[in-house]
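Asker: I am sharing protein_28.txt, which consists of compact mmCIF, C-alpha atoms:
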# COMPACT_ATOMS: atom_id res chain seq x y z
CA MET A 1 40.29 29.80 -0.19
CA HIS A 2 40.00 26.14 0.70
CA ASP A 3 39.08 25.32 -2.86
CA GLU A 4 40.61 21.86 -2.65
CA PHE A 5 38.45 20.86 0.33
CA VAL A 6 35.04 21.00 -1.18
CA GLY A 7 32.48 18.41 -0.24
CA ASP A 8 30.80 17.11 2.89
CA ASP A 9 33.56 14.76 4.20
CA PRO A 10 33.88 15.68 7.90
CA LEU A 11 37.57 14.64 7.99
CA GLN A 12 38.34 16.91 5.08
CA SER A 13 36.52 19.72 6.87
CA VAL A 14 38.63 19.26 10.02
CA ILE A 15 41.86 19.16 7.99
CA ALA A 16 40.79 22.26 6.13
CA ALA A 17 39.99 24.02 9.37
CA LEU A 18 43.37 23.09 10.85
CA ARG A 19 45.20 24.33 7.76
CA GLU A 20 43.48 27.66 7.88
CA PRO A 21 45.96 30.36 8.96
CA VAL A 22 45.31 31.66 12.43
CA ALA A 23 45.04 35.36 12.81
CA VAL A 24 47.71 36.45 15.29
CA GLU A 25 47.15 39.50 17.44
CA PRO A 26 49.65 42.21 16.55
CA GLY A 27 52.51 42.27 19.17
CA LEU A 28 51.77 38.78 20.46
CA ARG A 29 54.87 37.37 18.79
CA GLN A 30 57.07 40.05 20.41
CA ARG A 31 55.42 39.52 23.80
CA ALA A 32 55.95 35.77 23.55
CA ALA A 33 59.59 36.23 22.57
CA GLY A 34 60.11 38.69 25.44
CA ARG A 35 58.50 36.31 27.93
CA ALA A 36 60.77 33.47 26.79
CA THR A 37 63.81 35.71 27.18
CA ARG A 38 62.69 36.77 30.67
CA GLN A 39 62.20 33.13 31.65
CA ARG A 40 65.67 32.25 30.37
CA ARG A 41 67.17 35.15 32.32
CA ALA A 42 65.28 34.15 35.47
CA GLY A 43 66.58 30.62 35.07
CA VAL A 44 70.15 31.83 34.69
CA ALA A 45 69.72 34.09 37.73
CA ARG A 46 68.34 31.19 39.80
CA ILE A 47 71.30 29.02 38.83
CA ALA A 48 73.74 31.85 39.67
CA VAL A 49 72.13 32.41 43.09
CA LEU A 50 72.19 28.68 43.78
CA ALA A 51 75.87 28.49 42.79
CA LEU A 52 76.69 31.43 45.04
CA LEU A 53 74.87 29.83 47.95
CA VAL A 54 76.77 26.57 47.48
CA LEU A 55 80.12 28.38 47.20
CA SER A 56 79.50 30.54 50.28
CA ALA A 57 78.44 27.49 52.28
CA VAL A 58 81.73 25.81 51.37
CA ALA A 59 83.61 28.98 52.32
CA ILE A 60 81.84 29.12 55.70
CA VAL A 61 82.61 25.48 56.39
CA HIS A 62 86.30 25.93 55.58
CA ARG A 63 86.88 29.36 57.09
CA PRO A 64 87.43 28.24 60.68
CA ALA A 65 90.11 25.81 59.62
CA SER A 66 91.89 27.95 57.06
CA GLY A 67 94.71 30.07 58.38
CA THR A 68 94.67 28.59 61.86
CA SER A 69 96.91 26.06 63.51
CA ALA A 70 96.14 23.56 66.23
CA VAL A 71 98.19 24.23 69.33
CA THR A 72 98.32 21.85 72.29
CA PHE A 73 98.97 23.28 75.74
CA THR A 74 100.27 20.94 78.41
CA LEU A 75 100.89 21.52 82.10
CA ARG A 76 101.87 19.14 84.84
CA ALA A 77 99.91 20.05 87.96
CA PRO A 78 99.23 16.91 90.03
CA ALA A 79 97.76 18.81 92.97
CA GLY A 80 95.48 20.99 90.88
CA SER A 81 91.71 20.65 90.68
CA THR A 82 91.25 23.04 87.77
CA VAL A 83 93.66 24.52 85.24
CA ALA A 84 92.58 27.49 83.13
CA LEU A 85 94.42 28.65 80.02
CA VAL A 86 94.49 32.44 80.09
CA GLY A 87 96.06 34.74 77.56
CA ASP A 88 95.71 37.22 74.73
CA PHE A 89 93.48 34.72 72.91
CA THR A 90 90.96 34.68 75.78
CA ASP A 91 91.14 38.44 76.42
CA TRP A 92 92.79 37.33 79.67
CA ARG A 93 89.59 35.80 80.98
CA SER A 94 89.99 32.68 83.09
CA ASP A 95 86.54 31.27 82.39
CA ARG A 96 86.90 30.55 78.68
CA LEU A 97 89.44 27.75 78.25
CA HIS A 98 90.15 24.95 80.65
CA LEU A 99 92.67 22.13 80.37
CA SER A 100 91.43 18.58 80.84
CA PRO A 101 93.23 16.00 82.97
CA SER A 102 94.97 13.44 80.80
CA GLY A 103 96.42 11.23 83.55
CA SER A 104 99.39 11.32 85.92
CA GLY A 105 98.71 14.91 86.88
CA VAL A 106 99.11 16.18 83.33
CA TRP A 107 96.55 18.62 81.94
CA GLN A 108 96.00 19.34 78.25
CA ALA A 109 93.98 21.46 75.85
CA THR A 110 94.20 21.88 72.09
CA ILE A 111 92.90 25.02 70.46
CA ARG A 112 93.19 26.57 67.02
CA LEU A 113 94.96 29.92 66.73
CA ARG A 114 95.65 32.34 63.92
CA PRO A 115 99.25 33.24 63.14
CA GLY A 116 100.61 35.74 65.62
CA ARG A 117 102.43 36.21 68.86
CA TYR A 118 100.55 35.55 72.07
CA ARG A 119 101.20 36.05 75.78
CA PHE A 120 99.61 33.47 78.03
CA ALA A 121 99.79 31.69 81.39
CA TYR A 122 98.04 28.93 83.30
CA LEU A 123 95.87 29.58 86.33
CA VAL A 124 95.73 26.59 88.67
CA ASP A 125 92.81 26.41 91.09
CA HIS A 126 91.87 30.03 90.35
CA ARG A 127 94.84 31.39 92.31
CA GLN A 128 98.24 30.06 91.24
CA TRP A 129 99.73 31.51 88.05
CA ARG A 130 102.11 29.18 86.23
CA ALA A 131 104.25 29.64 83.13
CA ASP A 132 104.59 27.06 80.41
CA THR A 133 107.65 24.90 80.96
CA VAL A 134 108.59 24.73 77.27
CA ALA A 135 107.58 28.08 75.78
CA PRO A 136 109.85 31.13 76.11
CA THR A 137 109.21 33.33 79.13
CA ALA A 138 107.87 36.83 78.55
CA PRO A 139 108.95 39.87 80.51
CA ASP A 140 106.13 40.64 82.90
CA ASP A 141 104.85 43.99 84.14
CA PHE A 142 102.75 42.54 86.91
CA GLY A 143 105.01 40.14 88.77
CA ARG A 144 103.38 36.93 87.51
CA PRO A 145 104.80 34.28 85.21
CA THR A 146 103.96 34.74 81.54
CA SER A 147 104.88 32.67 78.50
CA LEU A 148 105.17 33.51 74.82
CA LEU A 149 103.73 31.58 71.93
CA THR A 150 104.42 32.29 68.26
CA VAL A 151 102.11 30.76 65.68
CA ASN A 152 103.73 30.97 62.27
CA PRO A 153 101.67 31.52 59.08
CA MET B 1 69.92 80.21 81.11
CA ASN B 2 66.60 80.16 79.33
CA THR B 3 64.69 76.99 78.58
CA ARG B 4 65.36 77.06 74.85
CA ARG B 5 69.13 77.23 75.40
CA LEU B 6 69.00 74.43 77.98
CA VAL B 7 67.14 72.19 75.55
CA ALA B 8 69.66 72.96 72.80
CA LEU B 9 72.60 72.09 75.06
CA SER B 10 70.90 68.86 76.14
CA ILE B 11 70.36 67.85 72.53
CA MET B 12 74.01 68.61 71.72
CA ALA B 13 75.18 66.56 74.72
CA LEU B 14 72.99 63.63 73.71
CA ALA B 15 74.31 63.83 70.15
CA ALA B 16 77.92 63.87 71.35
CA ALA B 17 77.52 60.93 73.75
CA PRO B 18 77.80 58.18 71.12
CA LEU B 19 80.91 59.86 69.72
CA ALA B 20 82.52 59.79 73.16
CA LEU B 21 81.57 56.13 73.62
CA CYS B 22 83.11 55.22 70.24
CA GLY B 23 86.59 55.62 71.70
CA GLN B 24 85.94 53.21 74.56
CA ASP B 25 86.82 49.56 74.38
CA ALA B 26 83.93 47.49 75.75
CA ARG B 27 86.33 45.00 77.34
CA ILE B 28 88.00 47.76 79.33
CA THR B 29 84.69 49.26 80.37
CA ALA B 30 83.41 45.86 81.51
CA ARG B 31 86.46 44.90 83.57
CA PHE B 32 87.45 48.12 85.34
CA THR B 33 85.77 50.69 87.54
CA PRO B 34 84.51 53.71 85.59
CA VAL B 35 87.34 55.93 86.84
CA VAL B 36 90.11 53.47 85.96
CA ALA B 37 88.43 52.58 82.65
CA ALA B 38 88.27 56.27 81.72
CA HIS B 39 91.98 56.66 82.47
CA LEU B 40 92.96 53.56 80.50
CA ASN B 41 90.70 54.43 77.59
CA ALA B 42 92.23 57.90 77.46
CA THR B 43 95.71 56.36 77.12
CA ILE B 44 94.50 53.91 74.48
CA ASP B 45 92.62 56.63 72.58
CA SER B 46 95.63 58.92 72.51
CA ALA B 47 97.74 56.08 71.14
CA SER B 48 95.12 55.35 68.48
CA SER B 49 94.96 58.98 67.48
CA GLU B 50 98.73 58.82 66.88
CA GLY B 51 98.19 55.87 64.57
CA LEU B 52 99.52 53.30 67.04
CA PRO B 53 97.76 49.93 67.36
CA ALA B 54 95.29 49.85 70.26
CA GLU B 55 94.90 46.10 70.65
CA PRO B 56 98.22 45.38 72.42
CA LEU B 57 97.42 48.14 74.91
CA VAL B 58 93.94 46.75 75.57
CA LEU B 59 95.34 43.24 76.03
CA ARG B 60 98.05 44.45 78.41
CA ALA B 61 95.42 46.20 80.53
CA LEU B 62 93.27 43.06 80.58
CA GLU B 63 96.32 41.00 81.52
CA GLY B 64 97.02 43.29 84.44
CA GLN B 65 93.43 43.06 85.63
CA ALA B 66 93.46 39.26 85.37
CA LYS B 67 96.67 39.08 87.37
CA GLY B 68 95.33 41.29 90.13
CA ALA B 69 97.62 44.26 89.45
CA THR B 70 96.78 47.65 90.90
CA ALA B 71 95.42 50.41 88.70
CA ASP B 72 98.70 52.29 89.03
CA GLN B 73 100.68 49.26 87.86
CA ILE B 74 98.39 48.81 84.87
CA VAL B 75 98.52 52.48 83.90
CA ALA B 76 102.31 52.44 84.18
CA ALA B 77 102.54 49.26 82.07
CA LEU B 78 100.35 50.82 79.38
CA SER B 79 102.46 53.98 79.33
CA ARG B 80 105.63 51.94 78.89
CA LEU B 81 104.09 49.91 76.08
CA ARG B 82 102.75 53.02 74.34
CA ASP B 83 106.22 54.62 74.55
CA ALA B 84 107.75 51.47 73.06
CA LEU B 85 105.22 51.49 70.22
CA ARG B 86 106.04 55.16 69.53
CA THR B 87 109.77 54.46 69.48
CA ALA B 88 109.19 51.48 67.22
CA ARG B 89 107.31 53.61 64.74
CA VAL B 90 110.06 56.23 64.68
CA ALA B 91 112.65 53.50 64.11
CA LEU B 92 110.67 51.63 61.46
CA GLY B 93 108.97 54.53 59.70
CA SER B 94 105.36 55.47 59.21
CA THR B 95 104.70 52.57 56.82
CA ALA B 96 105.30 49.92 59.48
CA THR B 97 102.38 47.55 59.96
CA PRO B 98 100.64 47.18 63.34
CA THR B 99 102.11 43.68 63.65
CA ASP B 100 105.61 44.98 62.98
CA LEU B 101 105.12 47.72 65.56
CA MET B 102 103.90 45.24 68.17
CA THR B 103 106.83 42.89 67.60
CA ALA B 104 109.31 45.75 67.52
CA ALA B 105 107.87 47.20 70.74
CA ALA B 106 108.38 43.83 72.42
CA ALA B 107 111.99 43.81 71.25
CA LEU B 108 112.52 47.34 72.55
CA GLN B 109 111.06 46.37 75.91
CA LEU B 110 113.64 43.59 76.03
CA GLY B 111 116.39 46.17 75.61
CA MET B 112 117.01 46.16 71.86
CA PRO B 113 118.39 49.56 70.79
CA PRO B 114 116.11 51.38 68.31
CA SER B 115 119.04 51.73 65.91
CA ARG B 116 119.04 47.95 65.45
CA LEU B 117 115.39 48.08 64.43
CA THR B 118 116.19 50.67 61.79
CA GLU B 119 119.15 48.62 60.59
CA LEU B 120 117.06 45.46 60.36
CA ARG B 121 114.41 47.31 58.41
CA GLN B 122 117.02 48.50 55.93
CA LEU B 123 118.57 45.05 55.62
CA ARG B 124 115.25 43.36 55.00
CA GLY B 125 113.74 45.90 52.63
CA ASP B 126 110.38 44.71 51.36
CA ARG B 127 110.64 41.34 53.05
CA GLY B 128 109.42 42.56 56.41
CA ILE B 129 110.95 42.37 59.85
CA GLY B 130 108.38 40.06 61.44
CA ALA B 131 110.25 36.77 61.07
CA PRO B 132 113.72 37.97 62.16
CA LEU B 133 112.32 39.94 65.10
CA THR B 134 110.20 37.01 66.24
CA ALA B 135 113.29 34.78 66.10
CA TYR B 136 115.20 37.40 68.10
CA LEU B 137 112.48 37.55 70.75
CA ASP B 138 112.18 33.78 71.06
CA LEU B 139 115.93 33.22 71.31
CA THR B 140 116.52 35.94 73.89
CA ALA B 141 113.49 34.75 75.87
CA ARG B 142 115.22 31.36 75.99
CA GLY B 143 118.22 32.95 77.59
CA VAL B 144 120.51 33.42 74.58
CA SER B 145 122.62 36.58 74.75
CA ALA B 146 120.90 39.53 73.04
CA ASP B 147 124.10 40.65 71.31
CA ARG B 148 124.94 37.20 70.02
CA THR B 149 121.38 36.73 68.80
CA TRP B 150 121.50 40.08 67.05
CA ASP B 151 124.77 39.16 65.34
CA ARG B 152 123.22 35.97 64.00
CA ILE B 153 119.96 37.64 62.95
CA SER B 154 121.63 40.56 61.21
CA ASP B 155 124.07 38.22 59.48
CA LEU B 156 121.19 36.16 58.09
CA ALA B 157 119.37 39.33 57.03
CA ARG B 158 122.46 40.48 55.12
CA ARG B 159 122.50 37.13 53.32
CA ARG B 160 118.87 37.68 52.32
CA ALA B 161 117.66 34.68 54.31
CA SER B 162 114.00 33.65 54.01
CA ASP B 163 111.41 33.88 56.77
CA ALA B 164 111.66 30.10 57.16
CA ASP B 165 115.42 30.37 57.81
CA PHE B 166 114.74 32.67 60.75
CA GLY B 167 111.96 30.39 61.99
CA ARG B 168 114.39 27.44 62.13
CA LEU B 169 116.96 29.22 64.29
CA THR B 170 117.67 27.54 67.62
CA PRO B 171 119.84 28.58 70.57
CA ARG B 172 122.36 25.99 69.39
CA ASP B 173 122.60 27.73 65.97
CA VAL B 174 123.55 30.98 67.66
CA ASP B 175 126.15 29.26 69.83
CA HIS B 176 127.46 27.40 66.79
CA GLN B 177 127.84 30.70 64.94
CA ARG B 178 129.90 32.01 67.84
CA ASP B 179 132.19 28.97 67.71
CA GLU B 180 132.69 29.52 63.99
CA ASP B 181 133.50 33.16 64.52
CA TRP B 182 136.09 32.30 67.12
CA PRO B 183 138.93 30.34 65.55
Could the structure of this file be written out as C-alpha cells, please?
Answerer:
Amino acid sequence: MHDEFVGDDPLQSVIAALREPVAVEPGLRQRAAGRATRQRRAGVARIAVLALLVLSAVAIVHRPASGTSAVTFTLRAPAGSTVALVGDFTDWRSDRLHLSPSGSGVWQATIRLRPGRYRFAYLVDHRQWRADTVAPTAPDDFGRPTSLLTVNP
Amino acid sequence: MNTRRLVALSIMALAAAPLALCGQDARITARFTPVVAAHLNATIDSASSEGLPAEPLVLRALEGQAKGATADQIVAALSRLRDALRTARVALGSTATPTDLMTAAAALQLGMPPSRLTELRQLRGDRGIGAPLTAYLDLTARGVSADRTWDRISDLARRRASDADFGRLTPRDVDHQRDEDWP
C-alpha cells in the first residue's frame, strides 16, 4: 500500500498518511447515526414544547375575554356614601363589587359576565336594598327588591 | 366495648368524615351557623341526589342570608325552589340541562303551568327552550300579561323562530300581536 508515495518528501508523507483509510470501530457508525437521530428527535420535541407553551399562553391571555360580555350597572343614589353590587355573581357578598361615583349622584360599575341569568340588587350604605330601575324585577322570597339580568351568548 | 372495637369504630368514623364533608357547600358552611348550615346542606344534598342542580339552591340561600332573612324563611325558599326544579324536570324530561331546569323553575315560580313547559319543549325540539323561556321571564317581569306573552312565545316557537328572534321580543311586540289578533 502507498506505493505511489515513495520517497522522503514530507508533504507526500502527510498526504499519504491522510489518504490512509482509518480503521473504524465496529458499531461506531450505528452509534453515531443513532445519536444524530436522538438529537433530531430532541430538537423536534423542544420545538413542540415551545409551540405548546406559546399557544397555551395565548389561550390564557384570551380566556378571560372570550365568552364574557361587559355589563354596566348604573344607579342614581345622590344621598349614598357607598353602593355595593350584590348578586349571584358575587355569591351575594356585599364586599366584592362596589359602584364608583360618576357625578350628579350617579354610581356605575362595569364587569364582565358569562352568558346566563342573574339575580342581583344594590346595597346603598350597607343597609338600603335597591332594585335596578331598568332591569326586570324578580319575584323575591325575602321581601327585598331584586332585579334580573340576562346575558346572552 | 373493648379497646380494639373502640379503635376500629374511631377509624371508621375518621374515614367517613371526608365523605360527609363532600356534600357540604363551603359557602353555606361559612355563612350560616352549623345547625342552619346542616339543614340547608341536607336540602341541597337531597336535591343533588335526585339529579337536580345544586347551584341555584346555594345561591338562593346566600341571597337570603345577605338580605337578613330568618333561617325559616331561607329553608322555606329553598324548599319552594327545589319543588319547582322537580316539577320542571318532570315537565321537560330527564334529558333537560341544568340551565333549562333553572330557567323553567323560574317560570314555574312565576305561575307558568307545567303543561306549557312540556308544550314548549315539544314545539322547540332540539333547539332548546332557553331563549323562549328567558324571553317569557323578561317580558312578564316587565309587567306584560303572562297569557299574552305565552301566546306570542308559543306562536313564534310554532313558526320555528330562532333564538335571536326571541331575544328581540319587546313588550310592544306582544301588544302589537294582540292588536293584530283583534280585528
Asker: Could you list, as a PyMOL selection string, the residues of chain B having an atom within 10 Å of chain A when counting only C-alpha atoms?
Answerer: chain B and resi 27+31+55-56+58-70+73-74+76-78+80+99+102-103+106+109-110+130-131+134-135+137-143+163-164+167
Asker: Rank nothing, just name the residue among B:Leu57, B:Ala96, B:Leu117, B:Leu101 nearest to Arg82 in chain B, using only C-alpha atoms.
Answerer: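 Of the candidates, the smallest distance to Arg82 in chain B is held by B:Leu57.
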Asker: Which one of B:Ala71, B:Leu52, B:Ala42, B:Ala161 sits closest to Thr95 in chain B if you count only C-alpha atoms?
Answerer: B:Leu52
Asker: Record the distance separating CA of Ala107 in chain B and CA of Val144 in chain B, expressed in Å with one decimal.
Answerer: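 CA of Val144 in chain B lies at a distance of 13.8 Å from CA of Ala107 in chain B.
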Asker: Could you state the separation of CA of Arg112 in chain A and CA of Ser69 in chain A in Å, given to one decimal place?
Answerer: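 One can read the CA of Arg112 in chain A to CA of Ser69 in chain A distance as 5.1 Å.
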Asker: One decimal, in Å: what's the spacing between CA of Pro53 in chain B and CA of Val71 in chain A?
Answerer: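 Here the two named atoms are 25.8 Å from each other.
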Asker: Within 12 Å of Leu156 in chain B, counting only C-alpha atoms, which residues show up once you throw out same-chain ones fewer than 2 positions away? Write them as a ChimeraX atom specification, please.
Answerer: /B:120,123-124,131-133,135-136,149-154,158-169,173-174,177
